[in-house]
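Below is data25.txt, holding compact mmCIF, C-alpha atoms.
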# COMPACT_ATOMS: atom_id res chain seq x y z
CA MET T 1 39.18 44.70 -212.23
CA ASN T 2 35.65 45.37 -211.11
CA TYR T 3 35.45 48.52 -209.06
CA GLN T 4 31.67 48.29 -208.68
CA TYR T 5 31.85 47.89 -204.91
CA ILE T 6 34.07 50.97 -204.56
CA GLU T 7 31.82 52.99 -206.85
CA GLN T 8 28.76 52.04 -204.78
CA LEU T 9 30.58 52.92 -201.60
CA LEU T 10 31.54 56.24 -203.11
CA GLU T 11 27.95 57.12 -203.97
CA ARG T 12 26.82 56.23 -200.46
CA TYR T 13 29.67 58.31 -199.09
CA TRP T 14 28.52 61.47 -200.87
CA ASP T 15 25.00 60.78 -199.56
CA CYS T 16 26.35 60.38 -196.00
CA GLN T 17 25.15 56.80 -195.76
CA THR T 18 28.49 55.14 -195.04
CA THR T 19 29.79 53.96 -191.70
CA LEU T 20 33.16 54.95 -190.30
CA GLU T 21 34.52 51.54 -191.30
CA GLU T 22 33.30 51.93 -194.89
CA GLU T 23 34.84 55.38 -195.10
CA GLN T 24 38.13 53.86 -193.94
CA ILE T 25 37.85 51.32 -196.77
CA LEU T 26 37.54 54.18 -199.27
CA ARG T 27 40.60 55.93 -197.79
CA SER T 28 42.62 52.71 -197.99
CA PHE T 29 41.53 52.17 -201.60
CA PHE T 30 42.61 55.64 -202.73
CA LYS T 31 46.00 55.28 -200.99
CA GLN T 32 47.14 52.64 -203.44
CA GLU T 33 49.03 53.50 -206.60
CA ASP T 34 46.80 51.89 -209.25
CA VAL T 35 43.60 53.87 -208.83
CA PRO T 36 41.46 53.75 -212.03
CA ASN T 37 41.44 56.92 -214.09
CA HIS T 38 37.72 57.60 -213.73
CA LEU T 39 38.17 57.73 -209.94
CA MET T 40 41.56 59.51 -209.77
CA GLN T 41 40.06 62.96 -209.21
CA TYR T 42 38.82 61.84 -205.78
CA ALA T 43 42.20 60.52 -204.60
CA PRO T 44 43.53 63.82 -203.16
CA PHE T 45 40.34 64.30 -201.15
CA PHE T 46 40.62 60.87 -199.53
CA ALA T 47 44.33 61.47 -198.92
CA LEU T 48 43.37 64.47 -196.81
CA GLU T 49 43.14 62.46 -193.60
CA ALA T 50 46.75 61.28 -193.79
CA ALA T 51 47.95 64.75 -194.74
CA GLU T 52 46.04 66.50 -191.98
CA LYS T 53 47.35 64.15 -189.31
CA CYS T 54 50.85 65.35 -190.11
CA GLU T 55 49.82 68.65 -188.53
CA LYS T 56 51.30 68.49 -185.06
CA LEU T 57 52.64 70.79 -182.39
CA GLY T 58 56.26 70.35 -181.33
CA GLU T 59 57.68 69.20 -178.00
CA ASP T 60 58.60 72.75 -177.07
CA PHE T 61 54.85 73.41 -176.90
CA ASP T 62 54.48 70.64 -174.30
CA LYS T 63 57.32 72.08 -172.22
CA ARG T 64 55.78 75.54 -172.33
CA ILE T 65 52.37 74.30 -171.19
CA LEU T 66 53.83 72.12 -168.43
CA ALA T 67 55.94 75.00 -167.19
CA MET T 68 52.86 77.21 -166.99
CA THR T 69 50.87 74.64 -165.08
CA GLU T 70 53.77 73.93 -162.71
CA THR T 71 53.99 77.64 -161.89
CA GLU T 72 50.33 77.66 -160.95
CA ASN T 73 50.75 74.49 -158.90
CA LYS T 74 53.62 76.05 -156.91
CA THR T 75 51.44 79.05 -156.16
CA VAL T 76 48.79 76.80 -154.70
CA GLU T 77 51.40 75.04 -152.53
CA ALA T 78 52.75 78.38 -151.28
CA LYS T 79 49.30 79.39 -150.07
CA GLN T 80 49.02 76.18 -148.11
CA VAL T 81 52.33 76.84 -146.36
CA LYS T 82 51.17 80.32 -145.35
CA LEU T 83 48.13 78.93 -143.61
CA THR T 84 50.25 76.58 -141.51
CA THR T 85 52.65 79.35 -140.68
CA ARG T 86 49.71 81.46 -139.55
CA LEU T 87 48.56 78.82 -137.07
CA ALA T 88 52.05 78.02 -135.77
CA PRO T 89 52.16 80.78 -133.08
CA PHE T 90 48.96 79.42 -131.49
CA PHE T 91 50.44 75.96 -131.27
CA LYS T 92 53.62 77.41 -129.73
CA ALA T 93 51.63 79.35 -127.15
CA ALA T 94 49.65 76.26 -126.21
CA ALA T 95 52.87 74.29 -125.79
CA VAL T 96 54.37 76.98 -123.51
CA VAL T 97 51.25 77.03 -121.33
CA ALA T 98 51.34 73.26 -121.03
CA VAL T 99 54.98 73.35 -119.91
CA LEU T 100 54.28 76.06 -117.35
CA LEU T 101 51.37 74.13 -115.89
CA THR T 102 53.50 71.03 -115.59
CA ILE T 103 56.28 72.91 -113.80
CA SER T 104 53.77 74.52 -111.48
CA ASN T 105 52.26 71.16 -110.61
CA ILE T 106 55.66 69.68 -109.87
CA ALA T 107 56.63 72.65 -107.70
CA GLU T 108 53.41 72.43 -105.71
CA ARG T 109 53.93 68.76 -104.98
CA ALA T 110 57.50 69.44 -103.93
CA LEU T 111 56.37 72.06 -101.45
CA GLN T 112 53.77 69.72 -99.96
CA ASN T 113 56.40 67.04 -99.39
CA ASN T 114 58.68 69.47 -97.61
CA SER T 115 55.98 70.57 -95.10
CA ALA T 116 55.12 66.93 -94.22
CA SER T 117 58.73 66.00 -93.36
CA SER T 118 59.13 69.05 -91.02
CA THR T 119 56.08 67.89 -88.98
CA MET T 120 57.72 64.49 -88.34
CA VAL T 121 60.93 66.16 -87.26
CA GLY T 122 58.88 68.15 -84.66
CA VAL T 123 57.73 65.05 -82.72
CA THR T 124 59.69 64.49 -79.51
CA ASP T 125 59.84 61.54 -77.12
CA THR T 126 57.47 61.78 -74.17
CA TYR T 127 59.94 59.94 -72.03
CA THR T 128 63.15 61.81 -71.73
CA LYS T 129 64.30 60.67 -68.27
CA LYS T 130 65.50 57.19 -67.28
CA GLU T 131 63.65 57.26 -63.96
CA ASP T 132 60.35 57.93 -65.66
CA ILE T 133 60.88 55.03 -68.01
CA THR T 134 61.67 52.60 -65.14
CA ALA T 135 58.58 53.67 -63.22
CA LYS T 136 56.38 53.11 -66.22
CA ILE T 137 57.77 49.56 -66.70
CA LYS T 138 56.97 48.66 -63.03
CA ILE T 139 53.36 49.82 -63.46
CA ILE T 140 52.98 47.64 -66.53
CA ASP T 141 54.43 44.57 -64.75
CA HIS T 142 51.99 44.98 -61.80
CA THR T 143 49.05 45.26 -64.09
CA GLN T 144 50.09 42.14 -65.95
CA SER T 145 50.47 40.12 -62.76
CA GLU T 146 46.98 41.00 -61.56
CA ALA T 147 45.56 39.93 -64.90
CA MET T 148 47.29 36.50 -64.75
CA ALA T 149 46.09 35.85 -61.19
CA LYS T 150 42.53 36.49 -62.15
CA ALA T 151 42.82 34.17 -65.10
CA ASP T 152 44.05 31.33 -62.83
CA SER T 153 41.13 31.80 -60.42
CA LEU T 154 38.69 31.41 -63.24
CA LYS T 155 40.23 28.10 -64.32
CA GLN T 156 39.70 26.55 -60.85
CA ALA T 157 35.92 27.31 -60.70
CA PRO T 158 33.56 24.21 -60.98
CA ALA T 159 32.14 23.46 -64.40
CA ILE T 160 28.62 24.51 -64.99
CA ASN T 161 26.13 21.52 -65.24
CA LYS T 162 24.06 21.74 -68.31
CA GLU T 163 21.31 19.69 -66.77
CA ASP T 164 21.10 22.17 -63.93
CA MET T 165 20.74 24.93 -66.41
CA MET T 166 17.91 23.09 -68.13
CA LEU T 167 16.04 22.43 -64.84
CA GLU T 168 16.14 26.10 -63.90
CA MET R 1 52.87 63.24 -157.86
CA CYS R 2 54.33 65.24 -160.76
CA GLY R 3 54.09 68.97 -160.20
CA SER R 4 52.09 69.53 -163.38
CA SER R 5 49.87 66.49 -163.12
CA VAL R 6 46.65 66.41 -161.21
CA LEU R 7 45.19 63.06 -160.26
CA ILE R 8 41.46 63.29 -159.95
CA ASN R 9 39.53 60.26 -158.80
CA ARG R 10 36.43 59.85 -160.91
CA GLU R 11 34.68 56.53 -160.63
CA MET R 12 37.99 54.90 -159.77
CA LYS R 13 39.63 56.41 -162.92
CA GLU R 14 42.43 58.92 -162.54
CA ILE R 15 42.78 61.76 -165.06
CA SER R 16 46.22 63.18 -165.51
CA PHE R 17 46.74 66.52 -167.22
CA LYS R 18 50.08 65.41 -168.62
CA ASN R 19 48.99 61.98 -169.84
CA ASP R 20 45.29 62.49 -170.70
CA VAL R 21 44.73 66.15 -171.54
CA LEU R 22 47.99 67.41 -173.05
CA PRO R 23 48.11 64.66 -175.72
CA LEU R 24 44.91 66.13 -177.20
CA LYS R 25 46.93 69.11 -178.40
CA ASP R 26 47.33 67.89 -182.00
CA LYS R 27 43.62 67.26 -182.50
CA LEU R 28 42.86 70.64 -180.98
CA PHE R 29 45.45 72.26 -183.23
CA ARG R 30 43.93 70.74 -186.39
CA LEU R 31 40.49 71.90 -185.31
CA ALA R 32 41.65 75.43 -184.52
CA LEU R 33 43.64 75.56 -187.75
CA ARG R 34 40.67 74.40 -189.80
CA ILE R 35 38.53 77.16 -188.33
CA THR R 36 41.01 80.04 -188.23
CA SER R 37 43.27 79.04 -191.14
CA ASN R 38 46.14 80.67 -189.26
CA ARG R 39 48.88 78.58 -187.65
CA GLU R 40 49.95 81.14 -185.07
CA GLU R 41 46.41 81.85 -183.99
CA ALA R 42 45.65 78.12 -183.90
CA GLU R 43 48.62 77.49 -181.63
CA ASP R 44 47.58 80.31 -179.29
CA ILE R 45 44.06 78.91 -179.20
CA VAL R 46 45.34 75.47 -178.25
CA GLN R 47 47.44 77.00 -175.48
CA ASP R 48 44.45 78.95 -174.18
CA THR R 49 42.30 75.83 -174.34
CA LEU R 50 44.73 73.73 -172.32
CA ILE R 51 45.24 76.42 -169.69
CA LYS R 52 41.50 76.83 -169.39
CA LEU R 53 41.15 73.09 -168.87
CA TRP R 54 43.91 73.17 -166.26
CA ASN R 55 42.13 75.96 -164.38
CA GLN R 56 38.97 73.87 -164.38
CA ARG R 57 40.64 70.78 -162.93
CA ASP R 58 38.46 70.91 -159.82
CA GLU R 59 35.45 70.33 -162.07
CA TRP R 60 36.87 67.44 -164.11
CA SER R 61 34.77 64.93 -162.21
CA ALA R 62 31.67 66.46 -163.79
CA ILE R 63 32.95 66.11 -167.38
CA GLN R 64 31.62 63.06 -169.20
CA ASN R 65 34.16 62.97 -172.01
CA MET R 66 37.35 65.01 -171.71
CA GLU R 67 38.17 64.89 -175.42
CA THR R 68 34.72 66.03 -176.48
CA TYR R 69 34.73 68.82 -173.92
CA SER R 70 38.23 69.93 -174.93
CA MET R 71 37.26 70.17 -178.58
CA THR R 72 34.15 72.15 -177.67
CA VAL R 73 36.23 74.66 -175.72
CA CYS R 74 38.74 74.85 -178.57
CA ARG R 75 36.06 75.41 -181.20
CA ASN R 76 34.41 78.15 -179.16
CA LEU R 77 37.73 79.93 -178.69
CA SER R 78 38.40 79.57 -182.43
CA LEU R 79 35.04 81.08 -183.30
CA ASP R 80 35.71 83.94 -180.92
CA THR R 81 39.00 84.55 -182.72
CA ILE R 82 37.53 84.68 -186.20
CA ASN R 83 34.68 86.84 -185.02
CA LYS R 84 37.15 89.35 -183.70
CA ARG R 85 39.02 89.87 -186.92
CA GLU R 86 37.89 90.61 -190.41
CA ARG R 87 37.63 87.53 -192.61
CA GLN R 88 40.29 87.54 -195.33
CA ASN R 89 40.65 85.48 -198.43
CA ILE R 90 42.39 82.29 -197.45
CA SER R 91 45.98 82.14 -198.63
CA LEU R 92 47.16 78.74 -199.76
CA ASP R 93 50.51 79.49 -198.10
CA GLU R 94 48.86 79.74 -194.67
CA THR R 95 47.31 76.34 -194.95
CA ALA R 96 50.28 74.63 -196.54
CA HIS R 97 50.73 71.18 -195.14
CA ASP R 98 53.86 69.14 -194.83
CA GLN R 99 52.97 65.93 -196.57
CA PRO R 100 54.97 62.78 -196.65
CA ASP R 101 56.53 62.65 -200.08
CA ILE R 102 55.43 59.37 -201.58
CA SER R 103 56.18 60.44 -205.20
CA ARG R 104 59.15 59.17 -207.11
CA THR R 105 59.77 62.30 -209.14
CA GLN R 106 59.75 65.99 -208.26
CA ASP R 107 57.02 66.63 -210.89
CA GLU R 108 54.71 64.06 -209.32
CA ALA R 109 55.29 65.56 -205.89
CA LEU R 110 54.49 69.01 -207.23
CA ILE R 111 51.30 67.76 -208.89
CA ARG R 112 50.18 66.03 -205.72
CA GLN R 113 50.87 69.16 -203.71
CA GLN R 114 48.84 71.26 -206.08
CA GLN R 115 45.97 68.80 -205.97
CA MET R 116 46.07 68.78 -202.19
CA ASP R 117 46.13 72.57 -202.07
CA SER R 118 43.11 72.63 -204.35
CA ILE R 119 41.17 70.31 -202.03
CA GLN R 120 42.17 72.45 -199.05
CA ALA R 121 40.91 75.56 -200.81
CA ILE R 122 37.56 73.88 -201.61
CA ILE R 123 37.08 72.92 -197.97
CA GLN R 124 38.14 76.31 -196.65
CA GLN R 125 35.49 77.96 -198.79
CA LEU R 126 32.77 76.03 -196.99
CA PRO R 127 30.87 77.69 -194.14
CA GLU R 128 32.57 77.17 -190.78
CA LYS R 129 29.99 74.63 -189.56
CA GLN R 130 30.38 72.47 -192.67
CA ARG R 131 34.15 72.51 -192.77
CA THR R 132 34.34 71.76 -189.04
CA ILE R 133 32.05 68.76 -189.55
CA ILE R 134 34.18 67.57 -192.50
CA LEU R 135 37.25 67.77 -190.26
CA LEU R 136 35.62 65.97 -187.34
CA ARG R 137 34.19 63.20 -189.53
CA ASP R 138 36.76 62.65 -192.27
CA ILE R 139 39.96 63.56 -190.41
CA GLU R 140 39.27 62.85 -186.73
CA GLU R 141 36.81 59.99 -187.53
CA LYS R 142 34.22 61.06 -184.98
CA SER R 143 30.76 59.53 -184.87
CA TYR R 144 27.73 61.68 -185.65
CA GLN R 145 26.82 61.78 -181.95
CA GLU R 146 30.32 62.87 -180.95
CA ILE R 147 30.21 65.62 -183.57
CA ALA R 148 26.83 66.75 -182.23
CA ASP R 149 28.22 66.86 -178.68
CA ILE R 150 31.32 68.82 -179.68
CA MET R 151 29.43 71.37 -181.72
CA GLY R 152 26.42 71.61 -179.48
CA ILE R 153 23.96 70.77 -182.28
CA ASN R 154 21.56 67.88 -182.83
CA LEU R 155 22.13 64.79 -184.97
CA SER R 156 19.96 65.94 -187.86
CA ASP R 157 21.96 69.18 -188.05
CA VAL R 158 25.16 67.14 -188.27
CA LYS R 159 23.83 64.97 -191.10
CA VAL R 160 22.37 67.89 -193.03
CA ASN R 161 25.56 69.94 -192.84
CA LEU R 162 27.78 66.97 -193.66
CA PHE R 163 25.60 66.14 -196.66
CA ARG R 164 25.80 69.70 -197.95
CA ALA R 165 29.57 69.80 -197.41
CA ARG R 166 30.24 66.54 -199.23
CA GLN R 167 27.95 67.40 -202.11
CA THR R 168 29.75 70.73 -202.53
CA VAL R 169 33.14 69.02 -202.45
CA LYS R 170 32.02 66.41 -205.01
CA THR R 171 30.62 69.07 -207.35
CA LYS R 172 33.76 71.21 -207.21
CA ILE R 173 36.08 68.23 -207.65
CA ASN R 174 34.15 67.13 -210.76
CA LYS R 175 34.28 70.65 -212.16
CA SER R 176 38.05 71.05 -211.73
Starting from the file, give its structure as structure tokens.
Amino acid sequence: MNYQYIEQLLERYWDCQTTLEEEQILRSFFKQEDVPNHLMQYAPFFALEAAEKCEKLGEDFDKRILAMTETENKTVEAKQVKLTTRLAPFFKAAAVVAVLLTISNIAERALQNNSASSTMVGVTDTYTKKEDITAKIKIIDHTQSEAMAKADSLKQAPAINKEDMMLE
Amino acid sequence: MCGSSVLINREMKEISFKNDVLPLKDKLFRLALRITSNREEAEDIVQDTLIKLWNQRDEWSAIQNMETYSMTVCRNLSLDTINKRERQNISLDETAHDQPDISRTQDEALIRQQQMDSIQAIIQQLPEKQRTIILLRDIEEKSYQEIADIMGINLSDVKVNLFRARQTVKTKINKS
């Protein structure tokens, strides 16, 4: 088999002229079992990538890191709660004042209503006696009769001539 | 919303710590392990990296690429770690890898393991910048630009260091 292409790639690799894809080709070549003898000495070096990637940290490492970050996160949340707790008394005080003002307003209106109703109760009839009432009715009847008589006299008066008005 | 997940709106895309950031742990671990050559230290570094990212969740909207940024943070923490302690000769036991056994006989498996250990030793003897670039290119399959972004260097630096690393690896493989 002609390994000329691989040998050329290899020379370019040592001179740092290969691309990442070409370097991957070299790694794939040296992974196979039937590597020619004159190239065998390079096989372990190109197997390094696969060997190194076996180096990993365990899952217990993840748990430890997440636990540490969760502890910090809880500390941040606790600080936020403290701030709200600090402002709570002010909100409570404002609520109490609002309630007091409302009660005061209601009480004031109630008092105003009470004073108005007592004034109405104080009004008394001007006519307390039956005789006074009867006399008042007679006066009203007489006044009404005079008014009707006057209205009748006005109806009987001659009509005014327009032509006479024009001549004057 | 899950207690340990933070949903951040960024150009209509939500980033979840649990689903987007935490899964990067294995890549971060390989990077930290490649730099420190110590499994326990590498695991601590990954933990510190993820917690640091969590604490920066209010700034996630400003991060262009979460994976690139995560690896940058991880690398910087790894460098801090190795700067703090005296460099020791790398023990092959510390960098032992569990490989899938594809050999048919125990002898073949042993030979493959020894060959792999030899390659690991060659890479670990490289300067930190070169072995990190080897990891990012040949293991994590990052582009040159992504490597430059992670390491905070320019493209020419990436190519120069990768060239030197591969030439060293080739020379030592041919000698062995």
Practice task
Could you list the residues in chain R lying within 8 Å of chain T, using all atoms listed in the file, and format the result as a PyMOL selection string?
Solution key: chain R and resi 3-4+18+22+25-26+29-30+43+47+50-51+54+97-100+112+115-116+119+138-141+143+159+162-163+166-167+170+173-174
File dump, residues just selected, C-alpha atoms, as a short mmCIF file (atom, residue, chain, number, x, y, z; two decimals), in the coordinates of the input:
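selection-v1.cif, freshly written:
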data_model
loop_
_atom_site.label_atom_id
_atom_site.label_comp_id
_atom_site.auth_asym_id
_atom_site.auth_seq_id
_atom_site.Cartn_x
_atom_site.Cartn_y
_atom_site.Cartn_z
CA GLY R 3 54.09 68.97 -160.20
CA SER R 4 52.09 69.53 -163.38
CA LYS R 18 50.08 65.41 -168.62
CA LEU R 22 47.99 67.41 -173.05
CA LYS R 25 46.93 69.11 -178.40
CA ASP R 26 47.33 67.89 -182.00
CA PHE R 29 45.45 72.26 -183.23
CA ARG R 30 43.93 70.74 -186.39
CA GLU R 43 48.62 77.49 -181.63
CA GLN R 47 47.44 77.00 -175.48
CA LEU R 50 44.73 73.73 -172.32
CA ILE R 51 45.24 76.42 -169.69
CA TRP R 54 43.91 73.17 -166.26
CA HIS R 97 50.73 71.18 -195.14
CA ASP R 98 53.86 69.14 -194.83
CA GLN R 99 52.97 65.93 -196.57
CA PRO R 100 54.97 62.78 -196.65
CA ARG R 112 50.18 66.03 -205.72
CA GLN R 115 45.97 68.80 -205.97
CA MET R 116 46.07 68.78 -202.19
CA ILE R 119 41.17 70.31 -202.03
CA ASP R 138 36.76 62.65 -192.27
CA ILE R 139 39.96 63.56 -190.41
CA GLU R 140 39.27 62.85 -186.73
CA GLU R 141 36.81 59.99 -187.53
CA SER R 143 30.76 59.53 -184.87
CA LYS R 159 23.83 64.97 -191.10
CA LEU R 162 27.78 66.97 -193.66
CA PHE R 163 25.60 66.14 -196.66
CA ARG R 166 30.24 66.54 -199.23
CA GLN R 167 27.95 67.40 -202.11
CA LYS R 170 32.02 66.41 -205.01
CA ILE R 173 36.08 68.23 -207.65
CA ASN R 174 34.15 67.13 -210.76
#
Exercise for the section: Skip R:Lys142 itself and residues of its chain fewer than 4 positions away, then list as a list in words all residues within 12 Å of it, counting all atoms listed in the file. Expected result: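 What passes the distance filter is Thr19, Leu20, Glu21 and Glu23 of chain T; Lys27, Glu67, Thr68, Met71, Thr132, Ile133, Ile134, Leu135, Leu136, Arg137, Asp138, Glu146, Ile147, Ala148, Asp149, Ile150, Met151 and Val158 of chain R.
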Handout entry: Interatomic distance (Å, one decimal) between atom CA of T:Gln32 and atom CA of T:Leu9
Key =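 Computed distance, atom CA of T:Gln32 to atom CA of T:Leu9, equals 16.7 Å.
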Practice task
Counting only C-alpha atoms, figure out which residue out of R:Ala42, R:Val73, R:Leu33, R:Val169 gets nearest to R:Gln56.
Solution key: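 Looking at the shortest contact to R:Gln56, the residue is R:Val73.
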Practice task
State, in Å with one decimal place, the distance from atom CA of R:Ala109 to atom CA of R:Ala121.
Solution key: 18.2 Å
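Across the model, the gap from atom CA of T:Ala95 to atom CA of T:Asn113 is 27.6 Å.
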Problem - Residue neighbourhood T:Glu7, 12 Å, only C-alpha atoms, exclusion window fewer than 2 positions, as a VMD selection string - result: chain T and resid 2 to 5 9 to 14 25 to 26 29 to 30 35 to 36 38 to 39 42
Let me see the file: selected residues, C-alpha atoms, as a tab-separated table (two decimals), keeping the file's coordinate frame.
chain	number	residue	atom	x	y	z
T	2	ASN	CA	35.65	45.37	-211.11
T	3	TYR	CA	35.45	48.52	-209.06
T	4	GLN	CA	31.67	48.29	-208.68
T	5	TYR	CA	31.85	47.89	-204.91
T	9	LEU	CA	30.58	52.92	-201.60
T	10	LEU	CA	31.54	56.24	-203.11
T	11	GLU	CA	27.95	57.12	-203.97
T	12	ARG	CA	26.82	56.23	-200.46
T	13	TYR	CA	29.67	58.31	-199.09
T	14	TRP	CA	28.52	61.47	-200.87
T	25	ILE	CA	37.85	51.32	-196.77
T	26	LEU	CA	37.54	54.18	-199.27
T	29	PHE	CA	41.53	52.17	-201.60
T	30	PHE	CA	42.61	55.64	-202.73
T	35	VAL	CA	43.60	53.87	-208.83
T	36	PRO	CA	41.46	53.75	-212.03
T	38	HIS	CA	37.72	57.60	-213.73
T	39	LEU	CA	38.17	57.73	-209.94
T	42	TYR	CA	38.82	61.84	-205.78
Practice task
Might you pull out every residue within 8 Å of R:Asn161, with only C-alpha atoms counted and same-chain residues fewer than 3 positions away left off, and present them as a list in words?
Solution key: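 Result of the neighbour search: Lys129, Gln130, Ile133, Asp157, Val158, Arg164 and Ala165 of chain R.
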